[in-house]
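Participant: Dropping a structure here in structure tokens format, bear with me for questions.
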2 protein chains.
Amino acid sequence: MAQDTKGITVKKFDDMPQWYDQVCKKAGLAENSPIKGCMIIKPNGYSIWEGIQKQFNNYLDEDKVPNAYFPLFIPESFFKKEAEHAEGFAPEVAWIEQKEDDQKERLAIRPTSETIINDSFANWIRSWRDLPFKMNQWANIVRWEVQDCKVFLRTREFLWQEGHCVYETQEECHKDTLHFLERYRQIGEDLLAVPLLVGRKTARERFAGANETYGIESIMPDSKALQMGTSHDLGQSFAKAFGIEFQGRDEKKQSPFTNSWGISTRMVGAVVMTHGDDKGLVMPPRVAKHKVAIVPIIFKDDQEPIKAVEELGAELKEFNPIVDTSDAYSAGFKFGKYELEGVPLRIEIGPRDLKNDEVVIARRDTSEKRTVKRSEVKKVVADLLEDMHKTMFEKAKKTMHELIVEPKDYKEFQKNINDRKVNLCGHCGDEDCEAKIKEETAATTRVIQDENYKGPCIKCGKDAAYKAYFARAY
Amino acid sequence: MAQDTKGITVKKFDDMPQWYDQVCKKAGLAENSPIKGCMIIKPNGYSIWEGIQKQFNNYLDEDKVPNAYFPLFIPESFFKKEAEHAEGFAPEVAWIEQKEDDQKERLAIRPTSETIINDSFANWIRSWRDLPFKMNQWANIVRWEVQDCKVFLRTREFLWQEGHCVYETQEECHKDTLHFLERYRQIGEDLLAVPLLVGRKTARERFAGANETYGIESIMPDSKALQMGTSHDLGQSFAKAFGIEFQGRDEKKQSPFTNSWGISTRMVGAVVMTHGDDKGLVMPPRVAKHKVAIVPIIFKDDQEPIKAVEELGAELKEFNPIVDTSDAYSAGFKFGKYELEGVPLRIEIGPRDLKNDEVVIARRDTSEKRTVKRSEVKKVVADLLEDMHKTMFEKAKKTMHELIVEPKDYKEFQKNINDRKVNLCGHCGDEDCEAKIKEETAATTRVIQDENYKGPCIKCGKDAAYKAYFARAY
């Protein structure tokens, strides 16, 4: 309702930024707010985030990670405790105006919560019996660096979850850092049908203060990489900076090992960019709140189709169908609306269908329409939704891999970037060499694809440390 | 884990503020943060909030109110659009330091979101076909007025939901304002077993900018009232201030009617205060994440009880039991821990129980222990949980109503307040008269109990406008 349902007026591959804005706004996902750099997440967009939350909370339950909530504000002194972290976040922190009261210190709005959470951990953790100690929070985050706002993809405020864990040993810590990375892969690929590149980030792209950062990224159809989640092995740096100590099995005081990991509302942007088409959003069926929209086709005063869609709606309850019997809009208008919003399946019932004891099912991703016997609808719906997930994932995977090329030299590397391709090539691992590539091409390393690669660095010719993806990024 | 499980060292009715702090901290519910006035919500406290969210989201689904998310920041000019609102919130708003960029206006951190949400509604709503238009958001809120922080009850940052709806007619608007008030009653009484006083607030206690405010409150065992939720009929004031207009059925432009309504993490504080006892928290069973804790009693190397509790845990899966087989702590320690945390039922299985094919079930609210045949455990657990909700609610209701008295004159009114009682009496409705009572007794009107009361005002003797509850409040 209250949406501009005139449809998308720009083709996806003609002008992707324009197309993206239109889909987000017209499909009721999100729009820019009067506050520069901040978005309004509208119900259809928020419902995707709720779907991600629900599935991730299931994983957290399985992994015995409880949810908690820490303050929005972080004292300035906390940032300063971990030097690299402070330096990394300094430019993008928003501060609140100091009040004339007893709060003597300058307060930041959280750009991430390692500092305040580790400060509490230092109070709570005493013994090896308390470890591993795991906690997650769902929260809003503010990072003021963004100039050019793009809903979901780049905003000054966004929503995320951040997990923070403490371990007795580096080995456990590292193992779990990778475990949560795999959880993110499950969210991206198995829930959202978004194909991913998963791997370690280079030193230059690491989280401020981390030993190692791992990421899940996807290549959007415009060839730009989108980082969607990161999992950081923080070693002992935060534990030492915040004085977390525990009495070990040997009765001696020790510093534990910590990790942190997060995914954000960026994932919703990935869904739009990856799956959307010239008609609007295509919702991956597993995360779709309403998997089916049922629309009666009514002629004159024949109310039979209304009764029929209501009955079918009740039968398909597990798919949380929209049963749209409103008479304020025509059937054609409704078809357009649910296509724009990306509802996976549309079921139409008209007088002729009724007479034949059939319905028409239209599939959003392929636009394929089929006539189905009334008695078989439930089974066909379940099968189509399952098939739709697979088809969407495979199609997106193919599109992504077609954008990835292996250059034979740096000249070709540069040409590829200009041709809107992603490079997969060897690199020496030197941060300055990586910085030069960014300067010359605006491309950065995304994740390392092969840790054991033997060959030359694409830029300087020295021995490569690994093979990595290079792309321009959101 | 990592909790101080030494138990509560203060009796509830000896020193309730101390007792409350201890229960919140030791039962892992919440504690003060290093940022004055802000709390850290720990996992056991957050799980109660998650239980409230889950149930309320079910209601929102039934009521067709989708969730959305609006920015944390509110431009100063937005506040100024609704004069009363601006005045009401001015003293407690936190502002962010202005950045040297293109954001020209001072930005507040939201103390509530009527302004920014109604600004969007003005863009989105066009026709009577768009109405009613309903939206909810779950968000963090900052109000800087609080000096004396009390976790959950009074904090500078808290979590809440805020619903905002737009209607064609005043009648619909008013009807729904009361409908959402009833939803809050359901959350308070039917989910949390917290007895409520439900009714209209007096003009003096109204939300800044509202026509009418309705509230749910409870009387805590220390006789102080706790406002837990409010539902505001905003009439046309916000719609007019923000330029929301729609084309009516008569094709003419009209101003719609709006309401807003919210409940917050205060509700978690009400659960602690209402139900807790000298041993710690008592969790209302319907909101308890883990409804049962199963503990084996192990002698020497007899591993049989461990196997038995694991089997029982699987059988009781629907109650999400804690199955505590850890050997780091004794059975006695575990009993203490789950009592402190308020897990509704504890099941013990020792070698003798195994031999008799029995288990022992201990009920947290009454401390009653009973021996139950193994084959009957599941049914007994379900029955006990149901009974526990009823018992807890009735007990709390009795306690609350024992605190409410009807004074015959103002002298008795004053004495009652000093004796830690709540007054129920007639009042003229004059704001100055109400202010005088507050000045002299620190008591304020909570909600109106009888709109048709005939009799004198307890303070000035004029004809009463209604009969209302007067109490000191959190």
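All residue names refer to the structure tokens as shown: chains lettered A, B, ... in order, residues numbered from 1 in each chain, ligands numbered from 1 in order.
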Using only C-alpha atoms, tabulate the residues of chain B lying at most 7 Å from any atom of chain A, each with its closest atom pair and that distance in Å to one decimal, by chain and increasing residue number, as a tab-separated table.
Facilitator:
residue	atom	partner	partner_atom	distance
B:Met1	CA	A:Asp130	CA	5.8
B:Ala2	CA	A:Asp130	CA	5.3
B:Gln3	CA	A:Trp124	CA	6.8
B:Lys36	CA	A:Gln103	CA	6.5
B:Cys38	CA	A:Pro71	CA	6.1
B:Met39	CA	A:Pro71	CA	6.5
B:Ile40	CA	A:Phe70	CA	4.8
B:Ile41	CA	A:Tyr69	CA	4.9
B:Lys42	CA	A:Ala68	CA	5.0
B:Pro43	CA	A:Ala68	CA	4.8
B:Tyr46	CA	A:Ala68	CA	5.5
B:Pro66	CA	A:Pro43	CA	5.8
B:Asn67	CA	A:Pro43	CA	5.5
B:Ala68	CA	A:Pro43	CA	4.8
B:Tyr69	CA	A:Ile41	CA	4.9
B:Phe70	CA	A:Ile40	CA	4.8
B:Pro71	CA	A:Cys38	CA	6.2
B:Trp95	CA	A:Glu97	CA	5.6
B:Ile96	CA	A:Ile96	CA	4.0
B:Glu97	CA	A:Glu97	CA	5.0
B:Gln103	CA	A:Lys36	CA	6.6
B:Trp124	CA	A:Ala2	CA	5.3
B:Ile125	CA	A:Ala2	CA	5.5
B:Arg126	CA	A:Ala2	CA	6.8
B:Asp130	CA	A:Ala2	CA	5.3
Participant: Please return, as JSON, numbers by chain, all residues of region 108-270 of chain A that DSSP assigns to alpha helix (DSSP H) on the basis of the backbone.
Facilitator: {"A": [114, 115, 116, 117, 118, 119, 120, 121, 122, 123, 124, 170, 171, 172, 173, 174, 175, 176, 177, 178, 179, 180, 181, 182, 183, 184, 185, 237, 238, 239, 240, 241, 266, 267, 268, 269, 270]}
Participant: Skipping near chain neighbours, those fewer than 2 positions away, what residues fall within 9 Å of region 353-369 of chain B using only C-alpha atoms, listed as an mmCIF file with all heavy atoms, in the first residue's frame?
Facilitator:
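Result went into selection.cif, see below:
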data_model
loop_
_atom_site.group_PDB
_atom_site.id
_atom_site.type_symbol
_atom_site.label_atom_id
_atom_site.label_comp_id
_atom_site.auth_asym_id
_atom_site.auth_seq_id
_atom_site.Cartn_x
_atom_site.Cartn_y
_atom_site.Cartn_z
ATOM 1 N N HIS B 275 7.822 -10.765 40.947
ATOM 2 C CA HIS B 275 7.863 -12.197 41.244
ATOM 3 C C HIS B 275 9.055 -12.653 42.078
ATOM 4 O O HIS B 275 9.000 -13.724 42.680
ATOM 5 C CB HIS B 275 7.826 -12.993 39.942
ATOM 6 C CG HIS B 275 6.619 -12.742 39.096
ATOM 7 N ND1 HIS B 275 5.347 -12.935 39.568
ATOM 8 C CD2 HIS B 275 6.481 -12.296 37.816
ATOM 9 C CE1 HIS B 275 4.469 -12.630 38.594
ATOM 10 N NE2 HIS B 275 5.143 -12.233 37.536
ATOM 11 N N GLY B 276 10.136 -11.881 42.074
ATOM 12 C CA GLY B 276 11.354 -12.332 42.754
ATOM 13 C C GLY B 276 11.139 -12.572 44.237
ATOM 14 O O GLY B 276 10.224 -12.002 44.846
ATOM 15 N N ASP B 277 11.997 -13.420 44.831
ATOM 16 C CA ASP B 277 11.920 -13.667 46.280
ATOM 17 C C ASP B 277 13.333 -13.668 46.868
ATOM 18 O O ASP B 277 14.291 -13.310 46.186
ATOM 19 C CB ASP B 277 11.155 -14.966 46.566
ATOM 20 C CG ASP B 277 11.849 -16.201 46.014
ATOM 21 O OD1 ASP B 277 13.069 -16.148 45.734
ATOM 22 O OD2 ASP B 277 11.169 -17.231 45.842
ATOM 23 N N VAL B 282 12.132 -15.305 40.098
ATOM 24 C CA VAL B 282 11.190 -16.384 39.783
ATOM 25 C C VAL B 282 10.627 -16.045 38.406
ATOM 26 O O VAL B 282 9.959 -15.030 38.228
ATOM 27 C CB VAL B 282 10.046 -16.491 40.810
ATOM 28 C CG1 VAL B 282 9.121 -17.647 40.448
ATOM 29 C CG2 VAL B 282 10.611 -16.661 42.219
ATOM 30 N N MET B 283 10.950 -16.856 37.433
ATOM 31 C CA MET B 283 10.605 -16.541 36.047
ATOM 32 C C MET B 283 9.168 -16.983 35.751
ATOM 33 O O MET B 283 8.818 -18.142 35.955
ATOM 34 C CB MET B 283 11.572 -17.305 35.144
ATOM 35 C CG MET B 283 11.486 -16.923 33.705
ATOM 36 S SD MET B 283 12.289 -15.352 33.366
ATOM 37 C CE MET B 283 13.836 -15.959 32.741
ATOM 38 N N GLU B 304 24.922 -43.559 35.363
ATOM 39 C CA GLU B 304 23.531 -43.806 34.957
ATOM 40 C C GLU B 304 22.646 -42.556 34.990
ATOM 41 O O GLU B 304 21.894 -42.297 34.047
ATOM 42 C CB GLU B 304 22.918 -44.914 35.827
ATOM 43 C CG GLU B 304 23.373 -46.318 35.443
ATOM 44 C CD GLU B 304 23.050 -46.661 33.991
ATOM 45 O OE1 GLU B 304 21.879 -46.542 33.583
ATOM 46 O OE2 GLU B 304 23.990 -47.042 33.255
ATOM 47 N N PRO B 305 22.724 -41.745 36.069
ATOM 48 C CA PRO B 305 21.865 -40.543 36.101
ATOM 49 C C PRO B 305 22.135 -39.608 34.923
ATOM 50 O O PRO B 305 21.217 -38.928 34.455
ATOM 51 C CB PRO B 305 22.238 -39.886 37.440
ATOM 52 C CG PRO B 305 22.692 -41.029 38.289
ATOM 53 C CD PRO B 305 23.433 -41.940 37.346
ATOM 54 N N ALA B 308 20.239 -40.826 32.056
ATOM 55 C CA ALA B 308 18.803 -40.637 32.313
ATOM 56 C C ALA B 308 18.374 -39.184 32.087
ATOM 57 O O ALA B 308 17.322 -38.923 31.505
ATOM 58 C CB ALA B 308 18.456 -41.071 33.738
ATOM 59 N N TYR B 338 20.169 -22.380 39.479
ATOM 60 C CA TYR B 338 18.893 -22.316 38.744
ATOM 61 C C TYR B 338 17.784 -21.699 39.588
ATOM 62 O O TYR B 338 16.850 -21.109 39.047
ATOM 63 C CB TYR B 338 18.513 -23.693 38.188
ATOM 64 C CG TYR B 338 19.570 -24.188 37.228
ATOM 65 C CD1 TYR B 338 20.205 -25.410 37.401
ATOM 66 C CD2 TYR B 338 19.983 -23.380 36.160
ATOM 67 C CE1 TYR B 338 21.206 -25.830 36.539
ATOM 68 C CE2 TYR B 338 20.996 -23.781 35.309
ATOM 69 C CZ TYR B 338 21.601 -25.013 35.505
ATOM 70 O OH TYR B 338 22.604 -25.405 34.652
ATOM 71 N N GLU B 339 17.912 -21.816 40.909
ATOM 72 C CA GLU B 339 16.978 -21.087 41.783
ATOM 73 C C GLU B 339 17.193 -19.588 41.652
ATOM 74 O O GLU B 339 16.248 -18.825 41.474
ATOM 75 C CB GLU B 339 17.172 -21.515 43.239
ATOM 76 C CG GLU B 339 16.231 -22.633 43.633
ATOM 77 C CD GLU B 339 16.447 -23.115 45.056
ATOM 78 O OE1 GLU B 339 17.356 -22.606 45.747
ATOM 79 O OE2 GLU B 339 15.706 -24.018 45.469
ATOM 80 N N GLY B 342 15.852 -18.384 38.550
ATOM 81 C CA GLY B 342 14.401 -18.455 38.483
ATOM 82 C C GLY B 342 13.825 -19.453 37.499
ATOM 83 O O GLY B 342 12.649 -19.328 37.111
ATOM 84 N N VAL B 343 14.597 -20.456 37.099
ATOM 85 C CA VAL B 343 14.062 -21.465 36.174
ATOM 86 C C VAL B 343 12.820 -22.094 36.814
ATOM 87 O O VAL B 343 12.881 -22.547 37.960
ATOM 88 C CB VAL B 343 15.121 -22.551 35.859
ATOM 89 C CG1 VAL B 343 14.558 -23.596 34.908
ATOM 90 C CG2 VAL B 343 16.377 -21.906 35.280
ATOM 91 N N PRO B 344 11.676 -22.102 36.117
ATOM 92 C CA PRO B 344 10.411 -22.495 36.776
ATOM 93 C C PRO B 344 10.435 -23.861 37.464
ATOM 94 O O PRO B 344 10.008 -23.969 38.603
ATOM 95 C CB PRO B 344 9.397 -22.469 35.618
ATOM 96 C CG PRO B 344 9.940 -21.428 34.680
ATOM 97 C CD PRO B 344 11.441 -21.565 34.761
ATOM 98 N N LEU B 345 10.950 -24.877 36.776
ATOM 99 C CA LEU B 345 10.956 -26.211 37.386
ATOM 100 C C LEU B 345 12.361 -26.813 37.361
ATOM 101 O O LEU B 345 13.106 -26.624 36.401
ATOM 102 C CB LEU B 345 10.009 -27.149 36.630
ATOM 103 C CG LEU B 345 8.530 -26.775 36.590
ATOM 104 C CD1 LEU B 345 7.777 -27.767 35.701
ATOM 105 C CD2 LEU B 345 7.915 -26.734 37.997
ATOM 106 N N ARG B 346 12.689 -27.531 38.431
ATOM 107 C CA ARG B 346 13.953 -28.254 38.460
ATOM 108 C C ARG B 346 13.631 -29.735 38.598
ATOM 109 O O ARG B 346 12.765 -30.113 39.392
ATOM 110 C CB ARG B 346 14.787 -27.811 39.656
ATOM 111 C CG ARG B 346 16.122 -28.537 39.760
ATOM 112 C CD ARG B 346 16.880 -28.098 41.001
ATOM 113 N NE ARG B 346 16.364 -28.700 42.216
ATOM 114 C CZ ARG B 346 16.064 -28.023 43.318
ATOM 115 N NH1 ARG B 346 16.187 -26.719 43.379
ATOM 116 N NH2 ARG B 346 15.599 -28.667 44.377
ATOM 117 N N ILE B 347 14.266 -30.541 37.797
ATOM 118 C CA ILE B 347 14.074 -31.994 37.906
ATOM 119 C C ILE B 347 15.393 -32.613 38.331
ATOM 120 O O ILE B 347 16.432 -32.335 37.730
ATOM 121 C CB ILE B 347 13.584 -32.597 36.577
ATOM 122 C CG1 ILE B 347 12.270 -31.914 36.138
ATOM 123 C CG2 ILE B 347 13.420 -34.104 36.704
ATOM 124 C CD1 ILE B 347 11.678 -32.471 34.849
ATOM 125 N N GLU B 348 15.334 -33.413 39.378
ATOM 126 C CA GLU B 348 16.540 -34.092 39.867
ATOM 127 C C GLU B 348 16.398 -35.585 39.592
ATOM 128 O O GLU B 348 15.333 -36.150 39.797
ATOM 129 C CB GLU B 348 16.688 -33.919 41.384
ATOM 130 C CG GLU B 348 16.535 -32.491 41.857
ATOM 131 C CD GLU B 348 16.257 -32.409 43.378
ATOM 132 O OE1 GLU B 348 16.396 -33.437 44.086
ATOM 133 O OE2 GLU B 348 15.884 -31.324 43.831
ATOM 134 N N ILE B 349 17.482 -36.185 39.152
ATOM 135 C CA ILE B 349 17.481 -37.647 39.018
ATOM 136 C C ILE B 349 18.751 -38.198 39.666
ATOM 137 O O ILE B 349 19.865 -37.883 39.249
ATOM 138 C CB ILE B 349 17.426 -38.108 37.544
ATOM 139 C CG1 ILE B 349 16.239 -37.461 36.804
ATOM 140 C CG2 ILE B 349 17.349 -39.643 37.465
ATOM 141 C CD1 ILE B 349 16.056 -37.954 35.372
ATOM 142 N N GLY B 350 18.578 -38.979 40.708
ATOM 143 C CA GLY B 350 19.701 -39.634 41.372
ATOM 144 C C GLY B 350 19.560 -41.143 41.255
ATOM 145 O O GLY B 350 18.567 -41.635 40.695
ATOM 146 N N PRO B 351 20.523 -41.882 41.777
ATOM 147 C CA PRO B 351 20.491 -43.358 41.646
ATOM 148 C C PRO B 351 19.223 -43.968 42.240
ATOM 149 O O PRO B 351 18.645 -44.877 41.651
ATOM 150 C CB PRO B 351 21.721 -43.797 42.440
ATOM 151 C CG PRO B 351 22.608 -42.596 42.487
ATOM 152 C CD PRO B 351 21.721 -41.400 42.462
ATOM 153 N N THR B 371 7.669 -36.199 44.130
ATOM 154 C CA THR B 371 8.229 -37.338 43.417
ATOM 155 C C THR B 371 7.206 -37.781 42.374
ATOM 156 O O THR B 371 6.023 -37.915 42.681
ATOM 157 C CB THR B 371 8.528 -38.486 44.409
ATOM 158 O OG1 THR B 371 9.431 -37.966 45.391
ATOM 159 C CG2 THR B 371 9.177 -39.657 43.707
ATOM 160 N N VAL B 372 7.684 -37.956 41.149
ATOM 161 C CA VAL B 372 6.772 -38.235 40.036
ATOM 162 C C VAL B 372 7.256 -39.463 39.282
ATOM 163 O O VAL B 372 8.451 -39.627 39.056
ATOM 164 C CB VAL B 372 6.731 -37.011 39.084
ATOM 165 C CG1 VAL B 372 5.908 -37.299 37.842
ATOM 166 C CG2 VAL B 372 6.201 -35.781 39.812
ATOM 167 N N LYS B 373 6.324 -40.321 38.914
ATOM 168 C CA LYS B 373 6.652 -41.506 38.111
ATOM 169 C C LYS B 373 7.269 -41.036 36.786
ATOM 170 O O LYS B 373 6.784 -40.101 36.158
ATOM 171 C CB LYS B 373 5.379 -42.318 37.821
ATOM 172 C CG LYS B 373 4.992 -43.254 38.933
ATOM 173 C CD LYS B 373 5.833 -44.541 38.885
ATOM 174 C CE LYS B 373 5.902 -45.212 40.240
ATOM 175 N NZ LYS B 373 7.188 -45.865 40.504
ATOM 176 N N ARG B 374 8.310 -41.717 36.361
ATOM 177 C CA ARG B 374 9.021 -41.328 35.149
ATOM 178 C C ARG B 374 8.087 -41.179 33.943
ATOM 179 O O ARG B 374 8.213 -40.251 33.141
ATOM 180 C CB ARG B 374 10.107 -42.375 34.855
ATOM 181 C CG ARG B 374 10.895 -42.175 33.586
ATOM 182 C CD ARG B 374 11.699 -40.876 33.614
ATOM 183 N NE ARG B 374 12.416 -40.701 32.355
ATOM 184 C CZ ARG B 374 11.870 -40.272 31.236
ATOM 185 N NH1 ARG B 374 10.587 -39.966 31.215
ATOM 186 N NH2 ARG B 374 12.586 -40.141 30.140
ATOM 187 N N SER B 375 7.123 -42.084 33.846
ATOM 188 C CA SER B 375 6.227 -42.080 32.687
ATOM 189 C C SER B 375 5.271 -40.882 32.686
ATOM 190 O O SER B 375 4.673 -40.554 31.670
ATOM 191 C CB SER B 375 5.416 -43.378 32.653
ATOM 192 O OG SER B 375 4.678 -43.494 33.863
ATOM 193 N N VAL B 377 6.156 -37.732 33.760
ATOM 194 C CA VAL B 377 6.882 -36.460 33.906
ATOM 195 C C VAL B 377 6.379 -35.398 32.943
ATOM 196 O O VAL B 377 6.091 -34.267 33.329
ATOM 197 C CB VAL B 377 8.406 -36.672 33.722
ATOM 198 C CG1 VAL B 377 9.133 -35.325 33.693
ATOM 199 C CG2 VAL B 377 8.959 -37.530 34.851
ATOM 200 N N VAL B 381 4.885 -31.886 34.131
ATOM 201 C CA VAL B 381 5.604 -30.631 33.829
ATOM 202 C C VAL B 381 4.654 -29.619 33.190
ATOM 203 O O VAL B 381 4.583 -28.457 33.609
ATOM 204 C CB VAL B 381 6.829 -30.901 32.927
ATOM 205 C CG1 VAL B 381 7.347 -29.621 32.286
ATOM 206 C CG2 VAL B 381 7.942 -31.563 33.743
ATOM 207 N N LEU B 384 2.163 -28.371 35.811
ATOM 208 C CA LEU B 384 2.778 -27.510 36.815
ATOM 209 C C LEU B 384 3.063 -26.125 36.258
ATOM 210 O O LEU B 384 2.855 -25.109 36.922
ATOM 211 C CB LEU B 384 4.085 -28.138 37.333
ATOM 212 C CG LEU B 384 3.951 -29.268 38.352
ATOM 213 C CD1 LEU B 384 5.330 -29.840 38.674
ATOM 214 C CD2 LEU B 384 3.281 -28.763 39.638
ATOM 215 N N LEU B 385 3.545 -26.073 35.008
ATOM 216 C CA LEU B 385 3.857 -24.774 34.395
ATOM 217 C C LEU B 385 2.590 -23.933 34.269
ATOM 218 O O LEU B 385 2.588 -22.736 34.558
ATOM 219 C CB LEU B 385 4.524 -24.973 33.032
ATOM 220 C CG LEU B 385 5.946 -25.539 33.079
ATOM 221 C CD1 LEU B 385 6.413 -25.916 31.658
ATOM 222 C CD2 LEU B 385 6.935 -24.561 33.712
ATOM 223 N N MET B 388 1.544 -22.825 37.663
ATOM 224 C CA MET B 388 2.495 -21.838 38.190
ATOM 225 C C MET B 388 2.143 -20.441 37.684
ATOM 226 O O MET B 388 2.184 -19.469 38.454
ATOM 227 C CB MET B 388 3.899 -22.240 37.734
ATOM 228 C CG MET B 388 4.993 -21.639 38.559
ATOM 229 S SD MET B 388 6.581 -22.430 38.142
ATOM 230 C CE MET B 388 7.663 -21.055 38.586
ATOM 231 N N THR B 391 -0.929 -19.318 39.650
ATOM 232 C CA THR B 391 -0.598 -19.059 41.049
ATOM 233 C C THR B 391 0.186 -17.767 41.200
ATOM 234 O O THR B 391 -0.084 -16.944 42.077
ATOM 235 C CB THR B 391 0.225 -20.236 41.620
ATOM 236 O OG1 THR B 391 -0.491 -21.448 41.375
ATOM 237 C CG2 THR B 391 0.474 -20.080 43.110
ATOM 238 N N MET B 392 1.178 -17.594 40.335
ATOM 239 C CA MET B 392 2.011 -16.383 40.417
ATOM 240 C C MET B 392 1.183 -15.133 40.155
ATOM 241 O O MET B 392 1.345 -14.116 40.829
ATOM 242 C CB MET B 392 3.182 -16.471 39.417
ATOM 243 C CG MET B 392 4.271 -17.443 39.853
ATOM 244 S SD MET B 392 5.538 -17.715 38.563
ATOM 245 C CE MET B 392 6.351 -16.114 38.556
#
Participant: Which residues come within 12 Å of His179 (chain A), counting only C-alpha atoms, excluding same-chain residues fewer than 4 positions away, as a list in words?
Facilitator: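 Final neighbour list, sorted by chain and number: Tyr59, Leu60, Asp63, Glu172, Cys173, His174, Lys175, Arg183, Tyr184, Arg185, Gln186, Tyr214, Thr230, Ser231, His232, Asp233, Asn259, Ser260 and Trp261 of chain A.
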Participant: Find the nearest atom pair between each residue of region 204-233 of chain B and region 437-448 of chain B for residues within 8 Å, count only C-alpha atoms, give distances in Å to one decimal, sort rows by chain and ascending number, and present the table as a Markdown table.
Facilitator:
| residue | atom | partner | partner_atom | distance |
| --- | --- | --- | --- | --- |
| B:Glu205 | CA | B:Thr445 | CA | 7.6 |
| B:Tyr214 | CA | B:Val447 | CA | 7.6 |
| B:Gly215 | CA | B:Val447 | CA | 6.8 |
| B:Ile216 | CA | B:Val447 | CA | 8.0 |
| B:Glu217 | CA | B:Arg446 | CA | 7.4 |
| B:Ala225 | CA | B:Arg446 | CA | 7.4 |
| B:Gln227 | CA | B:Arg446 | CA | 7.9 |
Participant: Quick one: write out the picked residues with N, CA, C and O atoms as a compact mmCIF listing (two decimals), in the first residue's frame?
Facilitator:
# COMPACT_ATOMS: atom_id res chain seq x y z
N GLU B 205 -0.55 14.05 32.96
CA GLU B 205 0.37 12.93 32.72
C GLU B 205 0.38 12.48 31.27
O GLU B 205 0.98 11.47 30.93
N TYR B 214 -3.33 6.56 27.30
CA TYR B 214 -3.79 5.44 28.12
C TYR B 214 -2.56 4.66 28.56
O TYR B 214 -1.56 4.62 27.84
N GLY B 215 -2.63 4.05 29.73
CA GLY B 215 -1.44 3.37 30.21
C GLY B 215 -1.74 2.04 30.87
O GLY B 215 -2.86 1.79 31.31
N ILE B 216 -0.72 1.19 30.89
CA ILE B 216 -0.77 0.02 31.77
C ILE B 216 0.30 0.25 32.83
O ILE B 216 1.42 0.63 32.54
N GLU B 217 -0.09 0.05 34.07
CA GLU B 217 0.85 0.25 35.17
C GLU B 217 0.69 -0.92 36.13
O GLU B 217 -0.34 -1.60 36.13
N ALA B 225 4.45 2.85 41.82
CA ALA B 225 3.84 2.46 40.55
C ALA B 225 4.91 2.39 39.47
O ALA B 225 5.87 3.16 39.47
N GLN B 227 5.00 2.51 35.37
CA GLN B 227 4.33 2.61 34.07
C GLN B 227 5.08 1.72 33.10
O GLN B 227 6.28 1.84 32.93
Participant: List the neighbours of region 457-466 of chain B out to 6 Å using only C-alpha atoms; skip same-chain residues closer than 5 positions along the sequence, and give me the result as JSON, numbers by chain.
Facilitator: {"B": [409, 410, 426, 427, 428, 429, 450, 451]}
Participant: Next, write the just-selected residues to a file, as a JSON list (two decimals), in the first residue's frame, keeping N, CA and C atoms as the atom set.
Facilitator:
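Heads up, here's the output in result.json:
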[["chain", "number", "residue", "atom", "x", "y", "z"],
["B", 409, "ASP", "N", -10.14, 11.28, 53.57],
["B", 409, "ASP", "CA", -9.81, 12.69, 53.39],
["B", 409, "ASP", "C", -8.33, 12.83, 53.03],
["B", 410, "TYR", "N", -7.91, 14.10, 52.83],
["B", 410, "TYR", "CA", -6.56, 14.33, 52.34],
["B", 410, "TYR", "C", -5.50, 13.99, 53.39],
["B", 426, "GLY", "N", -11.32, 10.17, 44.53],
["B", 426, "GLY", "CA", -11.83, 11.14, 43.58],
["B", 426, "GLY", "C", -10.86, 12.30, 43.39],
["B", 427, "HIS", "N", -10.87, 12.87, 42.19],
["B", 427, "HIS", "CA", -10.06, 14.07, 41.95],
["B", 427, "HIS", "C", -10.79, 14.97, 40.96],
["B", 428, "CYS", "N", -10.60, 16.30, 41.17],
["B", 428, "CYS", "CA", -11.33, 17.27, 40.36],
["B", 428, "CYS", "C", -10.85, 17.36, 38.92],
["B", 429, "GLY", "N", -9.62, 16.88, 38.67],
["B", 429, "GLY", "CA", -9.10, 16.91, 37.31],
["B", 429, "GLY", "C", -8.31, 18.16, 36.99],
["B", 450, "ASP", "N", -12.20, 5.07, 37.54],
["B", 450, "ASP", "CA", -13.65, 5.19, 37.33],
["B", 450, "ASP", "C", -13.95, 6.55, 36.70],
["B", 451, "GLU", "N", -14.38, 6.52, 35.46],
["B", 451, "GLU", "CA", -14.64, 7.76, 34.71],
["B", 451, "GLU", "C", -15.96, 8.40, 35.14]]
Participant: Pick out each residue of region 80-301 of chain B that DSSP on the backbone tags as strand (DSSP E); I need them as a ChimeraX atom specification.
Facilitator: /B:107-109,133-142,157-167,197-200,212-219,225-235,246-247,253-254,257-264,292-296
